[in-house]
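Reviewing the structure listed below.
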Amino acid sequence: QIGLMAGIELKGYAPGRRMGLEVCDEAIRRGVWLRPLGDVVVLMPPLVISPKELAFLIDVVRNSVILATG
């Protein structure tokens with residue numbers, strides 16, 4: 001089992017706010033499925049992801065964090 005997994009921890013928010021879920025909901029609206037684990041957003045892109053797809057993923061995640069936390 002070889003793969004890539006990365007987590008983005010969202011600190012400074014009340015635990016009941018479920019920021020990971022809010023960020024994932026924003027990402028889903030933009031065509032990217034992420035996994036929320038409490039206040040952590042987990043990314044698991046395939047190892048064969050293209051540079052263009054990776055740039056899209058990063059852009060969606062960044063914008064989703066900004067929109068959900070802003």
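Naming works like this for the structure tokens: A, B, ... for the chains as they're shown, residue 1 at the start of each chain, ligands 1 onward in shown order.
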
Which of segment 26-62 of chain A end up as alpha helix (DSSP H) when DSSP is run on this backbone - answer as an NGL selection string?
:A and (26-29 or 51-62)

Just N, CA, C and O atoms for this one: save the residues we selected as a tab-separated table (two decimals), in the first residue's frame.
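Contents of selection-v1.tsv, as written:
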chain	number	residue	atom	x	y	z
A	26	GLU	N	-17.19	23.05	1.22
A	26	GLU	CA	-16.83	24.07	0.22
A	26	GLU	C	-16.09	23.42	-0.95
A	26	GLU	O	-16.33	23.77	-2.11
A	27	ALA	N	-15.20	22.50	-0.67
A	27	ALA	CA	-14.43	21.84	-1.73
A	27	ALA	C	-15.34	20.99	-2.62
A	27	ALA	O	-15.18	20.98	-3.85
A	28	ILE	N	-16.31	20.32	-2.04
A	28	ILE	CA	-17.23	19.49	-2.81
A	28	ILE	C	-18.01	20.35	-3.80
A	28	ILE	O	-18.24	19.96	-4.93
A	29	ARG	N	-18.39	21.56	-3.36
A	29	ARG	CA	-19.11	22.47	-4.26
A	29	ARG	C	-18.26	22.83	-5.48
A	29	ARG	O	-18.78	23.25	-6.51
A	51	PRO	N	0.48	17.58	-13.04
A	51	PRO	CA	0.73	18.91	-12.47
A	51	PRO	C	-0.49	19.83	-12.57
A	51	PRO	O	-0.77	20.59	-11.65
A	52	LYS	N	-1.23	19.73	-13.66
A	52	LYS	CA	-2.42	20.56	-13.83
A	52	LYS	C	-3.50	20.18	-12.80
A	52	LYS	O	-4.13	21.05	-12.21
A	53	GLU	N	-3.69	18.89	-12.60
A	53	GLU	CA	-4.67	18.43	-11.62
A	53	GLU	C	-4.25	18.80	-10.20
A	53	GLU	O	-5.08	19.19	-9.38
A	54	LEU	N	-2.97	18.70	-9.92
A	54	LEU	CA	-2.46	19.05	-8.60
A	54	LEU	C	-2.65	20.55	-8.33
A	54	LEU	O	-3.05	20.94	-7.23
A	55	ALA	N	-2.40	21.37	-9.33
A	55	ALA	CA	-2.61	22.81	-9.18
A	55	ALA	C	-4.08	23.11	-8.92
A	55	ALA	O	-4.41	23.96	-8.08
A	56	PHE	N	-4.98	22.40	-9.61
A	56	PHE	CA	-6.42	22.57	-9.39
A	56	PHE	C	-6.78	22.16	-7.97
A	56	PHE	O	-7.51	22.88	-7.27
A	57	LEU	N	-6.27	21.03	-7.51
A	57	LEU	CA	-6.54	20.55	-6.16
A	57	LEU	C	-6.09	21.57	-5.12
A	57	LEU	O	-6.85	21.94	-4.21
A	58	ILE	N	-4.89	22.06	-5.25
A	58	ILE	CA	-4.35	23.03	-4.30
A	58	ILE	C	-5.17	24.33	-4.31
A	58	ILE	O	-5.48	24.89	-3.26
A	59	ASP	N	-5.55	24.78	-5.49
A	59	ASP	CA	-6.35	26.00	-5.61
A	59	ASP	C	-7.71	25.83	-4.93
A	59	ASP	O	-8.15	26.72	-4.19
A	60	VAL	N	-8.35	24.71	-5.16
A	60	VAL	CA	-9.66	24.46	-4.55
A	60	VAL	C	-9.53	24.37	-3.04
A	60	VAL	O	-10.34	24.96	-2.30
A	61	VAL	N	-8.54	23.66	-2.55
A	61	VAL	CA	-8.36	23.53	-1.10
A	61	VAL	C	-8.09	24.89	-0.47
A	61	VAL	O	-8.70	25.25	0.54
A	62	ARG	N	-7.19	25.66	-1.06
A	62	ARG	CA	-6.87	26.99	-0.52
A	62	ARG	C	-8.13	27.86	-0.47
A	62	ARG	O	-8.44	28.48	0.55

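Of the residues under consideration (A:Ala14, A:Leu4, A:Val48, A:Val40), A:Val40 shows the shortest atom-to-atom contact distance to Val65 of chain A when counting only C-alpha atoms.
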
Which of these residues is nearest to Met5 of chain A, using only C-alpha atoms: A:Leu47, A:Met19, A:Cys24, A:Leu37?
A:Leu47

Quick one: of A:Ile2, A:Arg30, A:Val23, A:Lys11, who's nearest to Pro45 of chain A, counting only C-alpha atoms?
A:Ile2

Hey, which of A:Gly3, A:Gly20, A:Gly12, A:Gly70 ends up closest to Arg35 of chain A? Count only C-alpha atoms.
A:Gly20
